[in-house]
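This is data22.pdb (PDB, C-alpha atoms and all ligand atoms).
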ATOM      1  CA  MET A   9     -84.324 -11.030  -5.672  1.00  0.00           C
ATOM      2  CA  LYS A  10     -87.531  -9.778  -4.167  1.00  0.00           C
ATOM      3  CA  SER A  11     -87.039 -11.892  -1.059  1.00  0.00           C
ATOM      4  CA  MET A  12     -83.510 -10.563  -0.620  1.00  0.00           C
ATOM      5  CA  ILE A  13     -84.780  -7.007  -0.578  1.00  0.00           C
ATOM      6  CA  LEU A  14     -87.527  -7.996   1.781  1.00  0.00           C
ATOM      7  CA  SER A  15     -85.137  -9.591   4.267  1.00  0.00           C
ATOM      8  CA  ALA A  16     -82.857  -6.549   4.127  1.00  0.00           C
ATOM      9  CA  VAL A  17     -85.843  -4.427   5.033  1.00  0.00           C
ATOM     10  CA  MET A  18     -86.697  -6.784   7.891  1.00  0.00           C
ATOM     11  CA  VAL A  19     -83.173  -6.477   9.290  1.00  0.00           C
ATOM     12  CA  LEU A  20     -83.441  -2.703   9.173  1.00  0.00           C
ATOM     13  CA  ILE A  21     -86.741  -2.735  11.001  1.00  0.00           C
ATOM     14  CA  SER A  22     -85.548  -5.063  13.730  1.00  0.00           C
ATOM     15  CA  SER A  23     -82.232  -3.289  14.333  1.00  0.00           C
ATOM     16  CA  ALA A  24     -83.746   0.070  15.229  1.00  0.00           C
ATOM     17  CA  ALA A  25     -86.787   1.064  17.155  1.00  0.00           C
ATOM     18  CA  PHE A  26     -88.473   2.559  14.164  1.00  0.00           C
ATOM     19  CA  ALA A  27     -91.526   4.646  13.769  1.00  0.00           C
ATOM     20  CA  ALA A  28     -92.778   6.764  10.937  1.00  0.00           C
ATOM     21  CA  ASP A  29     -91.749  10.069  12.439  1.00  0.00           C
ATOM     22  CA  ILE A  30     -89.472   9.181  15.334  1.00  0.00           C
ATOM     23  CA  GLU A  31     -86.456   7.044  16.083  1.00  0.00           C
ATOM     24  CA  ILE A  32     -85.799   5.846  19.605  1.00  0.00           C
ATOM     25  CA  SER A  33     -82.243   4.986  20.529  1.00  0.00           C
ATOM     26  CA  ASN A  34     -81.106   3.146  23.639  1.00  0.00           C
ATOM     27  CA  PRO A  35     -84.618   2.339  24.854  1.00  0.00           C
ATOM     28  CA  HIS A  36     -84.503   0.680  28.262  1.00  0.00           C
ATOM     29  CA  VAL A  37     -86.516   0.046  31.386  1.00  0.00           C
ATOM     30  CA  PHE A  38     -84.894  -0.336  34.777  1.00  0.00           C
ATOM     31  CA  ALA A  39     -85.636  -3.602  36.545  1.00  0.00           C
ATOM     32  CA  PRO A  40     -87.776  -2.592  39.545  1.00  0.00           C
ATOM     33  CA  ILE A  41     -85.952  -2.382  42.855  1.00  0.00           C
ATOM     34  CA  LYS A  42     -86.531  -5.560  44.882  1.00  0.00           C
ATOM     35  CA  GLY A  43     -89.846  -5.426  46.675  1.00  0.00           C
ATOM     36  CA  THR A  44     -91.362  -2.881  44.309  1.00  0.00           C
ATOM     37  CA  ASN A  45     -93.304  -3.194  41.067  1.00  0.00           C
ATOM     38  CA  THR A  46     -93.042   0.337  39.755  1.00  0.00           C
ATOM     39  CA  THR A  47     -90.193   1.601  37.599  1.00  0.00           C
ATOM     40  CA  ALA A  48     -89.405   3.849  34.642  1.00  0.00           C
ATOM     41  CA  GLY A  49     -88.392   3.728  30.976  1.00  0.00           C
ATOM     42  CA  PHE A  50     -85.773   5.842  29.228  1.00  0.00           C
ATOM     43  CA  GLY A  51     -84.164   6.443  25.850  1.00  0.00           C
ATOM     44  CA  THR A  52     -83.602   9.164  23.299  1.00  0.00           C
ATOM     45  CA  ILE A  53     -86.479  10.080  21.002  1.00  0.00           C
ATOM     46  CA  LYS A  54     -85.526  11.812  17.790  1.00  0.00           C
ATOM     47  CA  ASN A  55     -88.083  13.530  15.617  1.00  0.00           C
ATOM     48  CA  THR A  56     -86.919  12.580  12.119  1.00  0.00           C
ATOM     49  CA  SER A  57     -89.764  14.393  10.394  1.00  0.00           C
ATOM     50  CA  LYS A  58     -90.093  17.947   9.162  1.00  0.00           C
ATOM     51  CA  SER A  59     -92.794  18.953  11.588  1.00  0.00           C
ATOM     52  CA  GLU A  60     -93.515  18.753  15.298  1.00  0.00           C
ATOM     53  CA  VAL A  61     -94.504  15.338  16.603  1.00  0.00           C
ATOM     54  CA  THR A  62     -96.563  14.504  19.652  1.00  0.00           C
ATOM     55  CA  VAL A  63     -95.855  11.379  21.657  1.00  0.00           C
ATOM     56  CA  LYS A  64     -98.455   9.920  23.999  1.00  0.00           C
ATOM     57  CA  ILE A  65     -98.161   6.740  25.977  1.00  0.00           C
ATOM     58  CA  VAL A  66    -100.828   4.035  25.834  1.00  0.00           C
ATOM     59  CA  GLU A  67     -99.758   0.870  27.612  1.00  0.00           C
ATOM     60  CA  ALA A  68     -96.851  -1.295  28.668  1.00  0.00           C
ATOM     61  CA  LYS A  69     -97.744  -4.791  29.807  1.00  0.00           C
ATOM     62  CA  PRO A  70     -97.527  -6.142  32.488  1.00  0.00           C
ATOM     63  CA  PHE A  71     -97.712  -2.691  34.086  1.00  0.00           C
ATOM     64  CA  LYS A  72    -101.198  -1.596  35.065  1.00  0.00           C
ATOM     65  CA  ALA A  73    -100.658   2.061  34.276  1.00  0.00           C
ATOM     66  CA  VAL A  74     -98.223   4.235  32.346  1.00  0.00           C
ATOM     67  CA  GLU A  75     -97.619   7.974  32.410  1.00  0.00           C
ATOM     68  CA  LEU A  76     -95.216  10.400  30.802  1.00  0.00           C
ATOM     69  CA  HIS A  77     -93.400  12.310  33.507  1.00  0.00           C
ATOM     70  CA  GLU A  78     -91.286  15.387  33.702  1.00  0.00           C
ATOM     71  CA  SER A  79     -88.966  15.903  36.667  1.00  0.00           C
ATOM     72  CA  SER A  80     -88.078  19.271  38.028  1.00  0.00           C
ATOM     73  CA  GLU A  81     -86.415  20.637  41.095  1.00  0.00           C
ATOM     74  CA  LYS A  82     -88.415  22.904  43.335  1.00  0.00           C
ATOM     75  CA  ASN A  83     -86.831  24.319  46.478  1.00  0.00           C
ATOM     76  CA  GLY A  84     -84.190  21.616  46.416  1.00  0.00           C
ATOM     77  CA  ARG A  85     -86.735  18.840  46.051  1.00  0.00           C
ATOM     78  CA  MET A  86     -87.284  16.692  42.964  1.00  0.00           C
ATOM     79  CA  THR A  87     -90.888  16.541  41.897  1.00  0.00           C
ATOM     80  CA  MET A  88     -92.484  14.638  39.028  1.00  0.00           C
ATOM     81  CA  THR A  89     -95.314  16.017  36.959  1.00  0.00           C
ATOM     82  CA  LYS A  90     -97.537  14.022  34.644  1.00  0.00           C
ATOM     83  CA  MET A  91     -97.500  15.201  31.026  1.00  0.00           C
ATOM     84  CA  GLU A  92    -100.375  14.537  28.642  1.00  0.00           C
ATOM     85  CA  MET A  93     -97.864  14.237  25.802  1.00  0.00           C
ATOM     86  CA  TYR A  94     -94.356  15.124  24.773  1.00  0.00           C
ATOM     87  CA  LYS A  95     -94.024  17.576  21.908  1.00  0.00           C
ATOM     88  CA  ILE A  96     -90.808  17.350  19.933  1.00  0.00           C
ATOM     89  CA  PRO A  97     -90.019  20.034  17.342  1.00  0.00           C
ATOM     90  CA  ALA A  98     -88.873  18.976  13.850  1.00  0.00           C
ATOM     91  CA  GLY A  99     -85.390  17.491  13.864  1.00  0.00           C
ATOM     92  CA  GLN A 100     -85.041  17.749  17.644  1.00  0.00           C
ATOM     93  CA  THR A 101     -84.349  15.032  20.177  1.00  0.00           C
ATOM     94  CA  LEU A 102     -85.911  14.488  23.560  1.00  0.00           C
ATOM     95  CA  GLU A 103     -83.842  12.640  26.073  1.00  0.00           C
ATOM     96  CA  LEU A 104     -85.569  10.493  28.657  1.00  0.00           C
ATOM     97  CA  LYS A 105     -83.196   9.994  31.564  1.00  0.00           C
ATOM     98  CA  PRO A 106     -83.150   9.614  35.338  1.00  0.00           C
ATOM     99  CA  GLY A 107     -83.841  12.984  36.921  1.00  0.00           C
ATOM    100  CA  GLY A 108     -85.466  14.243  33.725  1.00  0.00           C
ATOM    101  CA  ASN A 109     -88.303  13.167  31.488  1.00  0.00           C
ATOM    102  CA  HIS A 110     -89.235   9.505  31.757  1.00  0.00           C
ATOM    103  CA  ILE A 111     -91.943   6.952  31.114  1.00  0.00           C
ATOM    104  CA  MET A 112     -93.362   5.982  34.486  1.00  0.00           C
ATOM    105  CA  LEU A 113     -94.479   2.369  34.741  1.00  0.00           C
ATOM    106  CA  PHE A 114     -96.840   1.516  37.614  1.00  0.00           C
ATOM    107  CA  ASP A 115     -97.880  -1.719  39.301  1.00  0.00           C
ATOM    108  CA  ALA A 116     -96.511  -4.641  37.309  1.00  0.00           C
ATOM    109  CA  THR A 117     -98.898  -7.554  37.667  1.00  0.00           C
ATOM    110  CA  LYS A 118     -96.028 -10.045  37.386  1.00  0.00           C
ATOM    111  CA  PRO A 119     -92.301  -9.904  38.095  1.00  0.00           C
ATOM    112  CA  VAL A 120     -90.219  -7.790  35.714  1.00  0.00           C
ATOM    113  CA  GLN A 121     -86.574  -8.779  35.512  1.00  0.00           C
ATOM    114  CA  GLU A 122     -83.434  -8.053  33.547  1.00  0.00           C
ATOM    115  CA  LYS A 123     -83.292  -9.473  30.008  1.00  0.00           C
ATOM    116  CA  GLN A 124     -87.048  -9.270  29.583  1.00  0.00           C
ATOM    117  CA  THR A 125     -88.515  -6.874  27.052  1.00  0.00           C
ATOM    118  CA  ILE A 126     -91.334  -4.465  27.756  1.00  0.00           C
ATOM    119  CA  VAL A 127     -93.370  -3.632  24.691  1.00  0.00           C
ATOM    120  CA  ILE A 128     -94.464  -0.041  25.083  1.00  0.00           C
ATOM    121  CA  LYS A 129     -97.384   1.105  23.014  1.00  0.00           C
ATOM    122  CA  MET A 130     -97.431   4.799  22.180  1.00  0.00           C
ATOM    123  CA  MET A 131     -99.224   7.189  19.898  1.00  0.00           C
ATOM    124  CA  VAL A 132     -96.988   9.211  17.633  1.00  0.00           C
ATOM    125  CA  ASN A 133     -99.068  11.944  15.988  1.00  0.00           C
ATOM    126  CA  ASP A 134    -102.072   9.797  16.920  1.00  0.00           C
ATOM    127  CA  LYS A 135    -100.681   6.790  15.051  1.00  0.00           C
ATOM    128  CA  GLU A 136    -100.060   3.748  17.192  1.00  0.00           C
ATOM    129  CA  GLN A 137     -96.435   2.583  17.493  1.00  0.00           C
ATOM    130  CA  THR A 138     -94.924  -0.142  19.619  1.00  0.00           C
ATOM    131  CA  VAL A 139     -91.341   0.014  20.784  1.00  0.00           C
ATOM    132  CA  ASN A 140     -89.382  -2.734  22.544  1.00  0.00           C
ATOM    133  CA  PHE A 141     -87.718  -1.611  25.760  1.00  0.00           C
ATOM    134  CA  PRO A 142     -85.216  -4.144  27.131  1.00  0.00           C
ATOM    135  CA  VAL A 143     -85.174  -4.429  30.905  1.00  0.00           C
ATOM    136  CA  ILE A 144     -81.737  -3.651  32.308  1.00  0.00           C
ATOM    137  CA  SER A 145     -80.122  -3.184  35.690  1.00  0.00           C
ATOM    138  CA  ARG A 146     -79.778   0.410  36.806  1.00  0.00           C
ATOM    139  CA  MET A 147     -76.147  -0.469  37.526  1.00  0.00           C
ATOM    140  CA  SER A 148     -75.337  -1.252  33.895  1.00  0.00           C
ATOM    141  CA  LYS A 149     -73.380   1.183  31.774  1.00  0.00           C
ATOM    142  CA  GLU A 150     -76.283   1.779  29.365  1.00  0.00           C
ATOM    143  CA  ALA A 151     -78.164   3.115  32.354  1.00  0.00           C
ATOM    144  CA  LYS A 152     -75.583   5.762  33.176  1.00  0.00           C
ATOM    145  CA  PRO A 153     -74.533   7.791  30.178  1.00  0.00           C
ATOM    146  CA  GLU A 154     -74.264  10.797  32.506  1.00  0.00           C
ATOM    147  CA  GLU A 155     -71.693   9.222  34.731  1.00  0.00           C
ATOM    148  CA  LYS A 156     -69.264   8.694  31.890  1.00  0.00           C
ATOM    149  CA  LYS A 157     -69.337  12.416  31.289  1.00  0.00           C
ATOM    150  CA  GLU A 158     -68.585  13.080  34.947  1.00  0.00           C
ATOM    151  CA  GLU A 159     -65.509  10.871  34.852  1.00  0.00           C
ATOM    152  CA  GLY A 160     -63.975  12.968  32.126  1.00  0.00           C
ATOM    153  CA  HIS A 161     -64.484  16.107  34.151  1.00  0.00           C
ATOM    154  CA  HIS A 162     -61.193  16.664  35.991  1.00  0.00           C
ATOM    155  CA  HIS A 163     -60.243  19.580  38.144  1.00  0.00           C
ATOM    156  CA  HIS A 164     -56.685  20.883  37.886  1.00  0.00           C
TER
HETATM  157 CU    CU A 201     -92.083   9.495  37.408  1.00  0.00          CU
END

Written as C-alpha cells, that's how I'd like the structure from this file.
Ligand SMILES: [Cu+2]
Amino acid sequence: MKSMILSAVMVLISSAAFAADIEISNPHVFAPIKGTNTTAGFGTIKNTSKSEVTVKIVEAKPFKAVELHESSEKNGRMTMTKMEMYKIPAGQTLELKPGGNHIMLFDATKPVQEKQTIVIKMMVNDKEQTVNFPVISRMSKEAKPEEKKEEGHHHH
C-alpha cells in the first residue's frame, strides 16, 4: 500500500515541472541556430503560493552562462535587458516567450540539439529548484503559441 502511494507521488512529480511555490508549464529551449551556441528558454511560470515569489537563474549545463532577460521595444528596436530576478505576485503567471521575457543561454560548450533536455537550476525564494527544459525546434507548434492566435484573427 505504501509503495503504491509512493509511486503515485513519483508520477505526479515527473509529469509536471514542480517546485514548492511555482509551477512551470511548457518549458522549452530552442535548439540553437546552426553555427551558433547561444539560445533561449521559455515557458509559463505560475506562482501557486499566497505570496510573491522571486525567481533567479543559477546554471544550465552545458551553457557557460545564463541570464534572465526582459525584451522591450525602444524607438522601433528590440532591446534585451538583464534582470537580477523575476518577481511574480501571488497567484500570477509570468510568461516567457520570444519577444518578451526569456532565459538567455550563452556559449554551450557542446552541441545542443532537439530532443535533448537542459536541466536549468534556479532559485525560487532562495531555494534551489531544477527544472527540465526539453530542446525543441523553433519551428514546432509548442514554440509558437502566439501564431495560433493570429490565425484565428480574421478581418471581415
Ligand atoms: Cu536575451

Run the PyMOL selection byres (((not hetatm)) within 8 of (chain A and resi 201)) mentally over the shown coordinates, then write out the matched residues as a PyMOL selection string, using the chain letters and numbers from the document. chain A and resi 48+75-79+88-90+109-113

Go ahead and find all residues with at least one atom no further than 6 Å from (-89.3, 4.1, 28.6) in the file's coordinates, using all atoms listed in the file; report them as a ChimeraX atom specification. /A:36-37,49-50,111

May I have the residues from that selection written out with C-alpha atoms, as a tab-separated table (two decimals), keeping the file's coordinate frame?
chain	number	residue	atom	x	y	z
A	36	HIS	CA	-84.50	0.68	28.26
A	37	VAL	CA	-86.52	0.05	31.39
A	49	GLY	CA	-88.39	3.73	30.98
A	50	PHE	CA	-85.77	5.84	29.23
A	111	ILE	CA	-91.94	6.95	31.11

One decimal, Å: what's the distance from atom CA of Arg146 of chain A over to atom CA of Asp115 of chain A, could you say? 18.4 Å

Evaluating the PyMOL selection byres (((chain A and resi 67) around 12) and not hetatm) on the displayed file yields which residues, as a VMD selection string? chain A and resid 64 to 66 68 to 76 111 to 114 116 126 to 131 136 to 139

On this structure, the PyMOL selection byres (((chain A and resi 53-59) around 7) and not hetatm) would catch which residues? List them as JSON, numbers by chain, sorted by chain and number. {"A": [29, 30, 31, 32, 33, 51, 52, 60, 61, 96, 97, 98, 99, 100, 101, 102, 103]}

Can you measure atom CA of Pro106 of chain A to atom CA of Thr62 of chain A for me? One decimal in Å is fine.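 Between these atoms lies a distance of 21.2 Å.
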
What does the distance between atom CA of Lys42 of chain A and atom CA of Ser145 of chain A come to in Å, to one decimal place?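 Between atom CA of Lys42 of chain A and atom CA of Ser145 of chain A the gap is 11.5 Å.
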
For Lys135 of chain A, the nearest of the candidates A:Met86, A:Asn34, A:Thr47, A:Val63, counting only C-alpha atoms: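 Among the listed residues, A:Val63 lies closest to Lys135 of chain A.
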
Pick from A:Leu104, A:Met91, A:Ile144, A:Arg85, whichever lies nearest to Lys123 of chain A using all atoms listed in the file: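 Using all atoms listed in the file, Lys123 of chain A sits closest to A:Ile144.
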
Taking all atoms of segment 98-110 of chain A that appear in the file, build a box with edges along x, y and z, extend it by 5 Å on every side, and state its centre and edge lengths in Å to one decimal, as AutoDock Vina command-line options.
--center_x -86.2 --center_y 14.2 --center_z 25.4 --size_x 16.1 --size_y 19.5 --size_z 33.1

In terms of the shortest atom-to-atom distance over all atoms listed in the file, which of A:Pro119, A:Gly84, A:Pro142, A:Gly108 is closest to Asn45 of chain A?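 Once distances to Asn45 of chain A are computed over all atoms listed in the file, the minimum belongs to A:Pro119.
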
What would the file be for segment 69-81 of chain A if you keep all heavy atoms and write it as a PDB file, in the first residue's frame?
ATOM      1  N   LYS A  69      23.622  23.640 -17.689  1.00  0.00           N
ATOM      2  CA  LYS A  69      24.689  22.973 -18.453  1.00  0.00           C
ATOM      3  C   LYS A  69      24.137  22.486 -19.785  1.00  0.00           C
ATOM      4  O   LYS A  69      22.995  22.060 -19.832  1.00  0.00           O
ATOM      5  CB  LYS A  69      25.257  21.820 -17.636  1.00  0.00           C
ATOM      6  CG  LYS A  69      26.173  22.344 -16.555  1.00  0.00           C
ATOM      7  CD  LYS A  69      26.723  21.216 -15.717  1.00  0.00           C
ATOM      8  CE  LYS A  69      27.643  21.818 -14.661  1.00  0.00           C
ATOM      9  NZ  LYS A  69      27.719  21.031 -13.454  1.00  0.00           N
ATOM     10  N   PRO A  70      24.884  22.503 -20.853  1.00  0.00           N
ATOM     11  CA  PRO A  70      26.305  22.846 -20.989  1.00  0.00           C
ATOM     12  C   PRO A  70      26.551  24.321 -21.339  1.00  0.00           C
ATOM     13  O   PRO A  70      27.596  24.641 -21.906  1.00  0.00           O
ATOM     14  CB  PRO A  70      26.735  21.954 -22.167  1.00  0.00           C
ATOM     15  CG  PRO A  70      25.538  21.954 -23.063  1.00  0.00           C
ATOM     16  CD  PRO A  70      24.341  22.051 -22.142  1.00  0.00           C
ATOM     17  N   PHE A  71      25.614  25.194 -21.006  1.00  0.00           N
ATOM     18  CA  PHE A  71      25.828  26.609 -21.317  1.00  0.00           C
ATOM     19  C   PHE A  71      26.741  27.232 -20.258  1.00  0.00           C
ATOM     20  O   PHE A  71      26.619  26.936 -19.075  1.00  0.00           O
ATOM     21  CB  PHE A  71      24.485  27.348 -21.383  1.00  0.00           C
ATOM     22  CG  PHE A  71      23.623  26.882 -22.520  1.00  0.00           C
ATOM     23  CD1 PHE A  71      22.713  25.850 -22.349  1.00  0.00           C
ATOM     24  CD2 PHE A  71      23.756  27.445 -23.777  1.00  0.00           C
ATOM     25  CE1 PHE A  71      21.936  25.389 -23.401  1.00  0.00           C
ATOM     26  CE2 PHE A  71      22.977  26.999 -24.846  1.00  0.00           C
ATOM     27  CZ  PHE A  71      22.067  25.967 -24.657  1.00  0.00           C
ATOM     28  N   LYS A  72      27.628  28.094 -20.727  1.00  0.00           N
ATOM     29  CA  LYS A  72      28.606  28.685 -19.805  1.00  0.00           C
ATOM     30  C   LYS A  72      27.985  29.751 -18.916  1.00  0.00           C
ATOM     31  O   LYS A  72      28.450  29.983 -17.810  1.00  0.00           O
ATOM     32  CB  LYS A  72      29.749  29.317 -20.600  1.00  0.00           C
ATOM     33  CG  LYS A  72      30.846  28.350 -20.975  1.00  0.00           C
ATOM     34  CD  LYS A  72      32.075  29.134 -21.419  1.00  0.00           C
ATOM     35  CE  LYS A  72      32.902  28.346 -22.407  1.00  0.00           C
ATOM     36  NZ  LYS A  72      33.725  29.223 -23.246  1.00  0.00           N
ATOM     37  N   ALA A  73      26.968  30.422 -19.431  1.00  0.00           N
ATOM     38  CA  ALA A  73      26.359  31.493 -18.641  1.00  0.00           C
ATOM     39  C   ALA A  73      24.864  31.549 -18.901  1.00  0.00           C
ATOM     40  O   ALA A  73      24.400  31.189 -19.992  1.00  0.00           O
ATOM     41  CB  ALA A  73      27.004  32.826 -18.994  1.00  0.00           C
ATOM     42  N   VAL A  74      24.124  31.962 -17.901  1.00  0.00           N
ATOM     43  CA  VAL A  74      22.671  32.132 -18.033  1.00  0.00           C
ATOM     44  C   VAL A  74      22.260  33.483 -17.461  1.00  0.00           C
ATOM     45  O   VAL A  74      22.855  33.949 -16.486  1.00  0.00           O
ATOM     46  CB  VAL A  74      21.873  31.029 -17.294  1.00  0.00           C
ATOM     47  CG1 VAL A  74      21.911  29.728 -18.040  1.00  0.00           C
ATOM     48  CG2 VAL A  74      22.352  30.836 -15.867  1.00  0.00           C
ATOM     49  N   GLU A  75      21.263  34.082 -18.064  1.00  0.00           N
ATOM     50  CA  GLU A  75      20.740  35.355 -17.552  1.00  0.00           C
ATOM     51  C   GLU A  75      19.233  35.386 -17.772  1.00  0.00           C
ATOM     52  O   GLU A  75      18.731  34.819 -18.736  1.00  0.00           O
ATOM     53  CB  GLU A  75      21.346  36.541 -18.327  1.00  0.00           C
ATOM     54  CG  GLU A  75      22.793  36.829 -17.982  1.00  0.00           C
ATOM     55  CD  GLU A  75      23.377  37.980 -18.807  1.00  0.00           C
ATOM     56  OE1 GLU A  75      22.644  38.601 -19.607  1.00  0.00           O
ATOM     57  OE2 GLU A  75      24.581  38.235 -18.643  1.00  0.00           O
ATOM     58  N   LEU A  76      18.540  36.072 -16.879  1.00  0.00           N
ATOM     59  CA  LEU A  76      17.128  36.358 -17.117  1.00  0.00           C
ATOM     60  C   LEU A  76      17.061  37.649 -17.915  1.00  0.00           C
ATOM     61  O   LEU A  76      17.721  38.630 -17.571  1.00  0.00           O
ATOM     62  CB  LEU A  76      16.382  36.535 -15.784  1.00  0.00           C
ATOM     63  CG  LEU A  76      16.302  35.301 -14.885  1.00  0.00           C
ATOM     64  CD1 LEU A  76      15.612  35.655 -13.577  1.00  0.00           C
ATOM     65  CD2 LEU A  76      15.548  34.172 -15.581  1.00  0.00           C
ATOM     66  N   HIS A  77      16.305  37.634 -18.977  1.00  0.00           N
ATOM     67  CA  HIS A  77      16.196  38.815 -19.830  1.00  0.00           C
ATOM     68  C   HIS A  77      14.759  39.286 -19.943  1.00  0.00           C
ATOM     69  O   HIS A  77      13.820  38.503 -19.841  1.00  0.00           O
ATOM     70  CB  HIS A  77      16.711  38.505 -21.243  1.00  0.00           C
ATOM     71  CG  HIS A  77      18.195  38.618 -21.362  1.00  0.00           C
ATOM     72  ND1 HIS A  77      18.844  38.521 -22.570  1.00  0.00           N
ATOM     73  CD2 HIS A  77      19.158  38.822 -20.420  1.00  0.00           C
ATOM     74  CE1 HIS A  77      20.146  38.656 -22.364  1.00  0.00           C
ATOM     75  NE2 HIS A  77      20.364  38.837 -21.084  1.00  0.00           N
ATOM     76  N   GLU A  78      14.667  40.575 -20.193  1.00  0.00           N
ATOM     77  CA  GLU A  78      13.395  41.204 -20.482  1.00  0.00           C
ATOM     78  C   GLU A  78      13.589  41.886 -21.831  1.00  0.00           C
ATOM     79  O   GLU A  78      14.621  42.507 -22.052  1.00  0.00           O
ATOM     80  CB  GLU A  78      13.134  42.235 -19.381  1.00  0.00           C
ATOM     81  CG  GLU A  78      11.896  43.050 -19.554  1.00  0.00           C
ATOM     82  CD  GLU A  78      11.831  44.134 -18.460  1.00  0.00           C
ATOM     83  OE1 GLU A  78      12.753  44.962 -18.395  1.00  0.00           O
ATOM     84  OE2 GLU A  78      10.870  44.119 -17.701  1.00  0.00           O
ATOM     85  N   SER A  79      12.634  41.749 -22.729  1.00  0.00           N
ATOM     86  CA  SER A  79      12.741  42.431 -24.019  1.00  0.00           C
ATOM     87  C   SER A  79      11.812  43.624 -24.016  1.00  0.00           C
ATOM     88  O   SER A  79      10.725  43.581 -23.457  1.00  0.00           O
ATOM     89  CB  SER A  79      12.320  41.516 -25.165  1.00  0.00           C
ATOM     90  OG  SER A  79      13.126  40.373 -25.194  1.00  0.00           O
ATOM     91  N   SER A  80      12.245  44.673 -24.646  1.00  0.00           N
ATOM     92  CA  SER A  80      11.337  45.807 -24.802  1.00  0.00           C
ATOM     93  C   SER A  80      11.678  46.518 -26.101  1.00  0.00           C
ATOM     94  O   SER A  80      12.765  46.363 -26.651  1.00  0.00           O
ATOM     95  CB  SER A  80      11.451  46.760 -23.623  1.00  0.00           C
ATOM     96  OG  SER A  80      12.796  47.152 -23.459  1.00  0.00           O
ATOM     97  N   GLU A  81      10.709  47.273 -26.571  1.00  0.00           N
ATOM     98  CA  GLU A  81      10.912  47.962 -27.837  1.00  0.00           C
ATOM     99  C   GLU A  81      11.193  49.426 -27.549  1.00  0.00           C
ATOM    100  O   GLU A  81      10.440  50.082 -26.823  1.00  0.00           O
ATOM    101  CB  GLU A  81       9.651  47.820 -28.693  1.00  0.00           C
ATOM    102  CG  GLU A  81       9.929  47.990 -30.167  1.00  0.00           C
ATOM    103  CD  GLU A  81       8.659  47.902 -30.991  1.00  0.00           C
ATOM    104  OE1 GLU A  81       7.893  46.955 -30.791  1.00  0.00           O
ATOM    105  OE2 GLU A  81       8.457  48.801 -31.823  1.00  0.00           O
TER     106      GLU A  81
END
